[in-house]
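File shown: final.txt. Contents: compact mmCIF, C-alpha atoms and all ligand atoms.
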# COMPACT_ATOMS: atom_id res chain seq x y z
CA MET A 245 150.24 76.44 118.45
CA HIS A 246 150.03 73.85 115.69
CA VAL A 247 148.12 70.64 115.44
CA ASP A 248 151.32 68.68 115.45
CA SER A 249 152.33 70.12 118.82
CA LYS A 250 152.20 67.71 121.72
CA HIS A 251 148.76 66.42 122.69
CA VAL A 252 147.48 67.57 126.07
CA THR A 253 145.72 64.29 126.92
CA ASP A 254 147.06 64.13 130.47
CA ASP A 255 145.68 67.53 131.39
CA LEU A 256 142.18 66.98 130.06
CA PRO A 257 140.67 65.45 133.21
CA ALA A 258 141.94 68.45 135.17
CA LEU A 259 140.59 70.86 132.56
CA ALA A 260 137.20 69.18 132.81
CA LEU A 261 137.28 69.62 136.60
CA ASP A 262 138.55 73.17 136.08
CA CYS A 263 141.51 72.65 138.41
CA LEU A 264 144.39 73.67 136.12
CA GLU A 265 146.44 76.74 136.94
CA ALA A 266 145.48 79.72 134.78
CA ALA A 267 148.57 79.57 132.57
CA GLU A 268 148.28 75.83 132.00
CA ARG A 269 144.62 76.22 131.27
CA GLN A 270 145.33 78.80 128.57
CA GLN A 271 147.83 76.47 126.89
CA VAL A 272 145.50 73.50 126.98
CA LEU A 273 142.59 75.54 125.65
CA ALA A 274 144.78 76.86 122.83
CA HIS A 275 145.65 73.29 121.89
CA LEU A 276 141.98 72.27 121.93
CA GLU A 277 141.22 75.02 119.44
CA GLU A 278 143.22 73.11 116.89
CA CYS A 279 143.00 69.47 117.92
CA ASP A 280 139.77 67.54 117.40
CA GLN A 281 141.15 64.47 119.11
CA CYS A 282 141.90 66.25 122.38
CA ARG A 283 138.66 68.19 122.17
CA ALA A 284 136.69 64.94 121.96
CA GLU A 285 138.58 63.59 124.98
CA TRP A 286 137.88 66.74 126.92
CA THR A 287 134.18 66.54 126.05
CA SER A 288 134.00 63.03 127.44
CA TYR A 289 135.73 64.04 130.70
CA SER A 290 133.44 67.04 131.01
CA ALA A 291 130.51 64.68 130.74
CA VAL A 292 131.97 62.63 133.60
CA VAL A 293 132.15 65.75 135.78
CA GLY A 294 128.59 66.67 134.77
CA VAL A 295 127.29 63.21 135.60
CA LEU A 296 129.12 63.30 138.96
CA SER A 297 127.32 66.56 139.74
CA THR A 298 123.95 64.98 139.05
CA ALA A 299 124.69 62.18 141.52
CA LEU A 300 124.73 64.42 144.60
CA PRO A 301 121.86 63.92 147.03
CA GLN A 302 119.16 66.48 146.38
CA VAL A 303 117.84 69.13 148.72
CA THR A 304 114.69 71.16 148.07
CA PRO A 305 115.29 74.92 147.89
CA PRO A 306 112.97 77.31 149.72
CA ALA A 307 109.71 77.91 147.87
CA ARG A 308 110.26 81.68 147.58
CA LEU A 309 113.25 81.06 145.31
CA LYS A 310 111.03 80.18 142.38
CA ARG A 311 109.33 83.56 142.55
CA ALA A 312 112.75 85.23 142.47
CA VAL A 313 113.82 83.16 139.46
CA MET A 314 110.66 83.90 137.51
CA ASP A 315 110.87 87.60 138.36
CA GLY A 316 114.51 87.56 137.29
CA ILE A 317 113.68 86.41 133.77
CA THR A 318 110.82 88.80 133.22
CA PRO A 319 112.24 92.18 134.16
CA PRO A 320 109.66 94.91 134.41
CA ARG A 321 109.14 96.36 130.96
CA PRO A 322 108.58 100.03 130.39
CA VAL A 323 104.88 100.71 130.78
CA ASN A 324 103.13 100.13 127.51
CA PRO A 325 101.56 103.52 126.77
CA LEU A 326 98.75 101.72 124.98
CA ILE A 327 97.65 100.17 128.19
CA ALA A 328 97.70 103.56 129.81
CA ALA A 329 95.64 104.95 126.92
CA LEU A 330 93.15 102.12 127.10
CA ARG A 331 92.83 102.75 130.78
CA ARG A 332 92.08 106.40 130.09
CA ALA A 333 89.64 105.44 127.35
CA PHE A 334 87.71 103.27 129.75
CA SER A 335 88.08 105.33 132.87
CA GLY A 336 84.89 107.31 132.31
CA GLN A 337 82.77 104.22 132.34
CA GLY A 338 82.47 103.30 135.96
CA GLY A 339 85.16 102.27 138.37
CA LEU A 340 85.69 98.86 136.84
CA LEU A 341 88.71 99.83 134.81
CA ARG A 342 90.41 102.23 137.13
CA ALA A 343 92.95 99.53 137.76
CA GLY A 344 96.65 99.46 136.83
CA GLY A 345 97.82 98.61 133.33
CA LEU A 346 98.44 94.94 133.85
CA ALA A 347 95.18 94.52 135.69
CA LEU A 348 93.47 96.08 132.71
CA VAL A 349 94.96 93.55 130.35
CA LEU A 350 93.78 90.82 132.66
CA ILE A 351 90.31 92.26 132.76
CA LEU A 352 90.27 92.52 128.99
CA ALA A 353 91.56 89.01 128.65
CA VAL A 354 88.70 87.48 130.58
CA SER A 355 85.97 89.83 129.59
CA ASN A 356 83.17 89.68 127.13
CA LEU A 357 81.72 91.20 124.04
CA VAL A 358 80.78 94.45 125.71
CA LEU A 359 84.42 95.23 126.33
CA TRP A 360 85.35 94.09 122.89
CA GLN A 361 82.99 96.67 121.45
CA ARG A 362 84.53 99.33 123.60
CA VAL A 363 87.94 98.42 122.29
CA ASN A 364 86.51 98.64 118.81
CA ASP A 365 85.51 102.21 119.48
CA LEU A 366 89.01 103.50 119.11
CA GLY A 367 88.35 106.66 117.20
CA ARG A 368 89.07 108.77 120.20
CA MET A 369 92.40 107.11 120.68
CA GLN A 370 93.67 107.77 117.20
CA HIS A 371 94.04 111.49 117.55
CA ALA A 372 96.20 110.78 120.58
CA GLY A 373 98.79 108.96 118.48
CA TYR A 374 97.42 105.43 118.46
CA ASP A 375 96.38 103.45 115.46
CA ASN A 376 94.98 100.06 114.66
CA LEU A 377 95.03 97.44 111.97
CA VAL A 378 92.07 95.14 111.53
CA LEU A 379 92.75 91.42 111.09
CA GLN A 380 90.14 89.71 108.88
CA SER A 381 88.95 86.17 109.22
CA GLN A 382 90.47 83.89 106.60
CA GLU A 383 87.62 81.39 106.78
CA GLU A 384 84.26 81.54 105.08
CA GLY A 385 81.44 82.02 107.54
CA SER A 386 83.65 82.62 110.59
CA ALA A 387 82.80 85.47 112.93
CA ALA A 388 86.37 85.66 114.20
CA SER A 389 88.02 89.06 114.12
CA GLY A 390 91.10 90.70 115.47
CA MET A 391 92.91 93.97 115.78
CA VAL A 392 96.43 95.13 116.37
CA ILE A 393 96.46 98.40 118.31
CA TYR A 394 99.77 100.18 118.29
CA THR A 395 101.42 103.42 119.17
CA ALA A 396 102.10 105.68 116.20
CA ASP A 397 105.84 105.07 116.56
CA GLY A 398 105.20 101.31 116.32
CA ARG A 399 107.06 100.56 119.54
CA TYR A 400 104.18 99.16 121.55
CA GLY A 401 101.29 97.02 120.49
CA LEU A 402 98.38 95.00 121.73
CA LEU A 403 96.63 92.21 119.91
CA VAL A 404 92.91 91.83 120.58
CA VAL A 405 91.02 88.89 119.11
CA ASN A 406 87.40 87.89 119.42
CA LYS A 407 85.31 84.83 118.52
CA LEU A 408 88.25 82.62 117.71
CA GLU A 409 87.47 78.95 118.19
CA PRO A 410 88.77 77.63 121.53
CA LEU A 411 91.45 75.04 120.72
CA PRO A 412 92.25 71.62 122.20
CA ALA A 413 94.97 71.66 124.89
CA ASP A 414 97.72 70.60 122.49
CA GLN A 415 97.20 73.59 120.20
CA GLN A 416 97.58 77.36 120.52
CA TYR A 417 97.24 80.40 118.33
CA GLN A 418 100.43 82.12 117.22
CA LEU A 419 100.80 85.66 115.95
CA TRP A 420 103.20 86.23 113.06
CA LEU A 421 104.87 89.51 112.20
CA ILE A 422 105.63 89.42 108.50
CA LYS A 423 108.18 91.46 106.60
CA ASP A 424 109.47 90.70 103.10
CA GLY A 425 107.98 87.23 103.42
CA VAL A 426 109.91 86.53 106.64
CA ARG A 427 107.70 85.55 109.58
CA ALA A 428 108.71 86.28 113.16
CA SER A 429 106.70 85.06 116.11
CA GLY A 430 104.84 87.84 117.91
CA GLY A 431 103.60 85.59 120.68
CA VAL A 432 101.53 82.53 121.43
CA PHE A 433 98.11 82.58 123.07
CA SER A 434 94.95 80.68 123.82
CA VAL A 435 91.44 82.06 123.95
CA GLY A 436 88.71 81.61 126.53
CA LYS A 437 85.35 80.09 125.79
CA HIS A 438 84.15 83.29 124.10
CA GLY A 439 87.14 83.26 121.82
CA TYR A 440 88.43 86.50 123.33
CA HIS A 441 92.01 87.40 124.18
CA VAL A 442 94.25 90.42 124.61
CA MET A 443 98.01 90.10 124.43
CA GLU A 444 100.92 92.51 124.46
CA ILE A 445 102.97 92.06 121.31
CA TYR A 446 106.68 91.61 121.77
CA ALA A 447 108.55 92.50 118.61
CA ASP A 448 112.26 92.96 117.96
CA GLY A 449 111.66 96.00 115.81
CA ARG A 450 108.87 98.51 115.35
CA LEU A 451 105.48 97.04 114.55
CA THR A 452 105.01 99.61 111.79
CA ASP A 453 108.07 98.23 110.00
CA TYR A 454 106.24 94.98 109.28
CA ASP A 455 104.15 94.47 106.14
CA SER A 456 101.41 92.38 107.66
CA PHE A 457 100.28 90.23 110.57
CA GLY A 458 98.80 86.77 110.58
CA ILE A 459 97.51 84.29 113.13
CA THR A 460 97.80 80.53 112.66
CA ILE A 461 96.94 77.46 114.71
CA GLU A 462 100.11 75.78 115.96
CA PRO A 463 101.12 73.02 118.38
CA ALA A 464 100.96 74.27 121.98
CA GLY A 465 103.95 76.47 122.75
CA GLY A 466 104.16 77.70 119.17
CA SER A 467 106.35 76.86 116.19
CA PRO A 468 109.54 78.39 114.80
CA GLY A 469 107.54 79.23 111.65
CA PRO A 470 103.87 78.96 110.71
CA THR A 471 102.77 75.40 110.00
CA GLY A 472 99.03 75.38 110.65
CA LYS A 473 95.83 76.86 109.37
CA ARG A 474 95.74 80.64 108.98
CA VAL A 475 92.75 82.09 110.79
CA LEU A 476 93.25 85.86 110.80
CA ALA A 477 95.35 88.20 108.68
CA GLY A 478 95.78 91.88 107.98
CA SER A 479 98.17 94.10 106.00
CA PHE A 480 99.15 97.72 106.22
CA MET B 405 99.57 64.59 132.66
CA THR B 406 102.70 63.24 131.02
CA PRO B 407 105.62 65.56 131.66
CA LEU B 408 107.07 67.17 128.57
CA PRO B 409 110.39 65.76 127.38
CA ASP B 410 113.41 67.94 128.22
CA SER B 411 114.02 68.55 124.54
CA GLU B 412 110.61 70.13 124.15
CA LEU B 413 110.95 72.18 127.31
CA ILE B 414 114.22 73.66 126.16
CA GLU B 415 112.79 74.37 122.72
CA ARG B 416 109.91 76.25 124.29
CA ILE B 417 112.35 78.19 126.42
CA THR B 418 114.19 79.32 123.30
CA ARG B 419 110.82 80.66 122.16
CA ARG B 420 110.53 82.69 125.39
CA ASP B 421 107.81 80.55 126.92
CA THR B 422 108.00 81.43 130.61
CA SER B 423 105.73 78.54 131.58
CA ALA B 424 108.36 76.17 130.14
CA LEU B 425 111.03 77.75 132.34
CA SER B 426 108.70 77.37 135.28
CA GLU B 427 108.39 73.67 134.52
CA LEU B 428 112.14 73.33 134.03
CA TYR B 429 112.62 74.97 137.40
CA ASP B 430 110.27 72.49 139.04
CA ARG B 431 112.25 69.69 137.46
CA TYR B 432 115.82 70.81 138.14
CA SER B 433 115.84 73.37 140.94
CA ARG B 434 116.63 70.66 143.50
CA LEU B 435 119.59 69.53 141.42
CA VAL B 436 120.97 73.04 140.96
CA TYR B 437 120.36 74.13 144.54
CA SER B 438 121.91 70.95 145.93
CA ILE B 439 125.10 71.34 143.91
CA ALA B 440 125.42 74.99 144.93
CA LEU B 441 124.72 74.16 148.55
CA ARG B 442 127.30 71.35 148.65
CA VAL B 443 129.98 73.46 147.02
CA LEU B 444 129.29 76.71 148.86
CA GLY B 445 128.05 75.43 152.22
CA ASP B 446 125.84 78.46 152.56
CA ALA B 447 122.12 78.47 151.81
CA GLU B 448 121.86 82.14 150.95
CA THR B 449 124.59 82.05 148.33
CA ALA B 450 123.24 78.74 147.03
CA GLU B 451 119.94 80.51 146.39
CA GLU B 452 121.70 83.28 144.49
CA ILE B 453 123.57 80.76 142.38
CA THR B 454 120.37 78.83 141.68
CA GLN B 455 118.72 82.00 140.48
CA ASP B 456 121.74 82.83 138.29
CA VAL B 457 121.74 79.38 136.75
CA PHE B 458 118.10 79.51 135.69
CA VAL B 459 118.44 83.03 134.32
CA LEU B 460 121.45 81.79 132.35
CA VAL B 461 119.50 78.80 131.05
CA TRP B 462 116.74 81.22 130.02
CA GLN B 463 119.24 83.35 128.13
CA LYS B 464 121.38 80.59 126.67
CA ALA B 465 118.86 77.85 126.01
CA SER B 466 119.58 78.04 122.30
CA SER B 467 123.23 77.09 122.90
CA TYR B 468 122.21 73.75 124.40
CA ASP B 469 122.69 70.93 121.91
CA LEU B 470 120.78 67.74 122.57
CA ASN B 471 123.51 65.75 120.84
CA GLN B 472 126.06 66.85 123.41
CA GLY B 473 124.33 65.13 126.27
CA LYS B 474 121.40 65.21 128.63
CA LEU B 475 119.88 68.49 129.67
CA MET B 476 120.29 67.43 133.30
CA THR B 477 124.05 67.11 132.84
CA TRP B 478 124.28 70.44 131.06
CA ILE B 479 122.41 72.22 133.83
CA ALA B 480 124.44 70.41 136.52
CA SER B 481 127.67 71.53 134.85
CA ILE B 482 126.52 75.14 134.76
CA ALA B 483 125.55 74.88 138.43
CA ARG B 484 128.93 73.53 139.45
CA ASN B 485 130.89 76.02 137.33
CA ARG B 486 128.96 78.95 138.77
CA SER B 487 129.40 77.66 142.31
CA ILE B 488 133.12 77.13 141.87
CA ASP B 489 133.51 80.62 140.37
CA GLN B 490 131.74 82.03 143.38
CA ILE B 491 133.97 80.13 145.84
CA ARG B 492 137.04 81.42 144.03
CA ARG B 493 135.78 84.98 144.05
CA ARG B 494 135.02 84.82 147.73
CA ARG B 495 138.18 82.86 148.51
CA ALA B 496 136.47 81.53 151.60
CA ARG B 497 133.78 79.22 152.82
CA PRO B 498 131.68 79.47 155.94
CA GLU B 499 133.74 78.73 159.03
CA GLY B 500 134.12 75.04 159.69
CA TYR B 501 132.40 73.85 156.52
CA SER B 502 133.92 70.75 155.01
CA ILE B 503 132.75 68.36 152.40
CA ALA B 504 134.00 65.18 150.78
CA TRP B 505 132.42 62.50 148.65
CA GLU B 506 132.12 60.07 151.51
CA ASP B 507 130.26 62.66 153.64
CA CYS B 508 127.51 63.29 151.22
CA CYS B 509 127.21 60.59 148.70
CA GLU B 510 126.98 57.24 150.36
CA ASP B 511 125.37 54.49 148.35
CA ASP B 512 122.23 53.47 150.12
CA PRO B 513 120.64 50.65 148.16
CA ASP B 514 117.49 50.66 150.34
CA HIS B 515 116.81 54.30 149.80
CA GLN B 516 114.40 54.81 146.93
CA PRO B 517 114.18 58.48 146.12
CA GLU B 518 110.64 59.86 145.86
CA VAL B 519 111.40 62.26 143.06
CA GLU B 520 111.94 60.52 139.76
CA ILE B 521 112.07 63.33 137.30
CA GLY B 522 115.04 65.69 137.46
CA MET B 523 117.14 63.09 139.23
CA MET B 524 119.64 60.60 138.06
CA ASP B 525 118.28 57.11 137.66
CA HIS B 526 118.59 55.32 140.99
CA HIS B 527 120.52 52.36 139.66
CA GLN B 528 122.94 54.50 137.67
CA ARG B 529 123.56 56.62 140.72
CA SER B 530 124.42 53.53 142.76
CA VAL B 531 126.90 52.41 140.16
CA LEU B 532 128.56 55.80 140.10
CA VAL B 533 128.65 56.31 143.85
CA ARG B 534 130.09 52.85 144.39
CA SER B 535 132.76 53.60 141.81
CA VAL B 536 133.71 56.85 143.51
CA ASN B 537 133.86 55.08 146.85
CA ALA B 538 136.01 52.35 145.33
CA LEU B 539 138.67 54.84 144.23
CA PRO B 540 141.87 54.76 146.28
CA ALA B 541 141.42 57.17 149.22
CA GLU B 542 144.11 59.57 148.00
CA GLN B 543 142.47 59.85 144.58
CA ARG B 544 139.08 60.43 146.14
CA GLN B 545 140.52 63.10 148.39
CA ALA B 546 142.14 64.95 145.49
CA LEU B 547 138.90 64.67 143.52
CA SER B 548 136.89 66.11 146.43
CA LEU B 549 139.22 69.07 146.82
CA ALA B 550 138.93 69.86 143.13
CA PHE B 551 135.27 69.02 142.72
CA PHE B 552 133.78 70.59 145.83
CA TYR B 553 136.41 73.12 146.88
CA GLY B 554 137.30 74.41 143.44
CA MET B 555 140.99 74.07 144.32
CA THR B 556 143.53 73.98 141.53
CA GLN B 557 145.97 71.08 141.38
CA GLN B 558 148.68 73.41 142.69
CA GLU B 559 146.53 74.36 145.68
CA ILE B 560 145.72 70.73 146.34
CA ALA B 561 149.42 69.85 146.25
CA GLU B 562 150.14 72.56 148.81
CA ARG B 563 147.23 71.56 151.00
CA LEU B 564 148.27 67.88 151.00
CA ASN B 565 151.96 68.62 151.03
CA GLN B 566 152.47 66.41 148.00
CA PRO B 567 154.40 67.01 144.78
CA LEU B 568 152.28 68.61 142.05
CA GLY B 569 152.96 65.68 139.72
CA THR B 570 151.50 63.29 142.28
CA VAL B 571 148.31 65.29 142.55
CA LYS B 572 148.00 65.51 138.77
CA THR B 573 148.30 61.75 138.53
CA ARG B 574 145.64 61.21 141.20
CA ILE B 575 143.17 63.51 139.48
CA ARG B 576 143.85 61.93 136.12
CA LEU B 577 143.52 58.35 137.35
CA ALA B 578 140.32 59.13 139.23
CA LEU B 579 138.59 60.63 136.21
CA GLN B 580 139.91 57.97 133.87
CA LYS B 581 138.47 55.32 136.15
CA LEU B 582 135.10 57.03 136.48
CA ARG B 583 134.89 57.49 132.74
CA THR B 584 135.03 53.72 132.31
CA VAL B 585 131.99 53.18 134.54
CA ILE B 586 129.83 55.93 133.07
CA GLN B 587 127.31 54.19 130.89
CA PRO B 588 126.15 55.59 127.60
CA GLU B 589 122.61 56.08 128.93
CA MET B 590 123.95 58.44 131.59
CA LEU B 591 125.26 60.68 128.84
CA GLU B 592 122.80 60.48 126.01
CA GLY B 593 120.38 63.29 125.34
CA ARG B 594 117.48 60.95 124.89
CA GLU B 595 114.91 60.61 127.62
CA ILE B 596 115.07 57.63 129.90
CA ARG B 597 111.64 56.32 130.68
CA LYS B 598 110.72 54.41 133.79
CA ASP B 599 109.45 51.42 131.90
CA ASP B 600 112.34 51.14 129.45
ZN ZN C 701 145.70 67.05 120.82
Take the structure in the file and write it out as structure tokens.
Amino acid sequence: MHVDSKHVTDDLPALALDCLEAAERQQVLAHLEECDQCRAEWTSYSAVVGVLSTALPQVTPPARLKRAVMDGITPPRPVNPLIAALRRAFSGQGGLLRAGGLALVLILAVSNLVLWQRVNDLGRMQHAGYDNLVLQSQEEGSAASGMVIYTADGRYGLLVVNKLEPLPADQQYQLWLIKDGVRASGGVFSVGKHGYHVMEIYADGRLTDYDSFGITIEPAGGSPGPTGKRVLAGSF
Amino acid sequence: MTPLPDSELIERITRRDTSALSELYDRYSRLVYSIALRVLGDAETAEEITQDVFVLVWQKASSYDLNQGKLMTWIASIARNRSIDQIRRRRARPEGYSIAWEDCCEDDPDHQPEVEIGMMDHHQRSVLVRSVNALPAEQRQALSLAFFYGMTQQEIAERLNQPLGTVKTRIRLALQKLRTVIQPEMLEGREIRKDD
């Protein structure tokens, strides 16, 4: 099909409504590939169909549907072996932490200095194939500290931070995974009033493939790349 | 709290912020569910489609381009496409279900919808609904069969026992007419504020 072939103007409303026969549809689509004019027309008819759809009277779906939607976008991940290891590490110390992995993260996330010190005592985890990287405060006089705990193969990681300043509602902390100067987001988080937080790190590759990690203050929801003050950093 | 603009919600979704998807759901689930329910006539399948649509938005948020139109229109189009696909796959609707523009979309000037966000502006909707209702009955009928029933022009021609060319003309004239009444603010990606 060439650009000088006949325009398909008359079929564009039907294409936008998706009511062409399959063969016709193929021909029209092939023409659109090469004709900006017809493509612009089609876009405007598609907008008409879209606007028509938004004009229908609205009905509220059952409340349970939201749960299904949210579950559908966060499929269960393989159990982070770190969480299992942390659970084992803590299991001797009373029944408090005999909970499941996720519950443990929750407990860590809301807990206090005592737990932080336990997490710091990771020597016994290392021989079991876990390692950690300390993140140092980048500010004079700040007591903030952090640690990335990861499996030896670098596939799973947890970030633990302590004594970070709580931020106003329009700001959050963002973890950066840095390799060859390229920074990928490792997640966005806020801290409680003690400045404590634990977060699973989601990385595309292995954590051990990165050169360093950094934490900056960003607008709530995070940024595509670091823009704010750097508060914690650590390198392999 | 001021609701976040759509543009920011979608940007957060591209950054895998599940709370942004949760907010988007609160804003547009009625829209998506209503389209699916009207097209499919079956609440259970409408729920499945609604779930599909939001999972798709979660996965494809980065392909949404603000310059191409409002987020609401983009989501509505996905909802209709998915619903029509489903109807075609099933090749059937619940027994006795029928739908046409005049059944569902009367213009009721006294009715002020409670929900503002996630819905078309009340005045714009009136303009559009009146324009659909003002179409010649045979154009409106062809439009309904395509829009709600997912019928092809050929199927519509057979159903109405009319020549294919006649049906094509009706569809074309109907959409041409509606395109003339669609106002730029119905299409633009920018937010429309109540006090504009
Ligand atoms: Zn053309």
**OP:** Dump as a PyMOL selection string the residues of chain B that approach chain A to within 6 Å, counting only C-alpha atoms.
**Re:** chain B and resi 434-435+438+455+459+477+480-481+529+556-557+576+583
Subject >> Within 8 Å of ligand ZN 701 (chain C), counting all atoms listed in the file, residues as number ranges by chain >> reply: A: 247-253, 275-276, 278-283
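In this structure, CA of Gly472 (chain A) sits 28.2 Å away from CA of Asn471 (chain B).
Separating CA of Pro540 (chain B) from CA of Gln566 (chain B) is a distance of 15.8 Å.
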Edge lengths and centre in Å to one decimal, as JSON, is what I'm after for the box along x, y and z that holds all listed atoms of region 453-470 of chain B once 3 Å is added on each side.
{"center_x": 120.2, "center_y": 75.5, "center_z": 132.1, "size_x": 12.8, "size_y": 21.6, "size_z": 26.5}
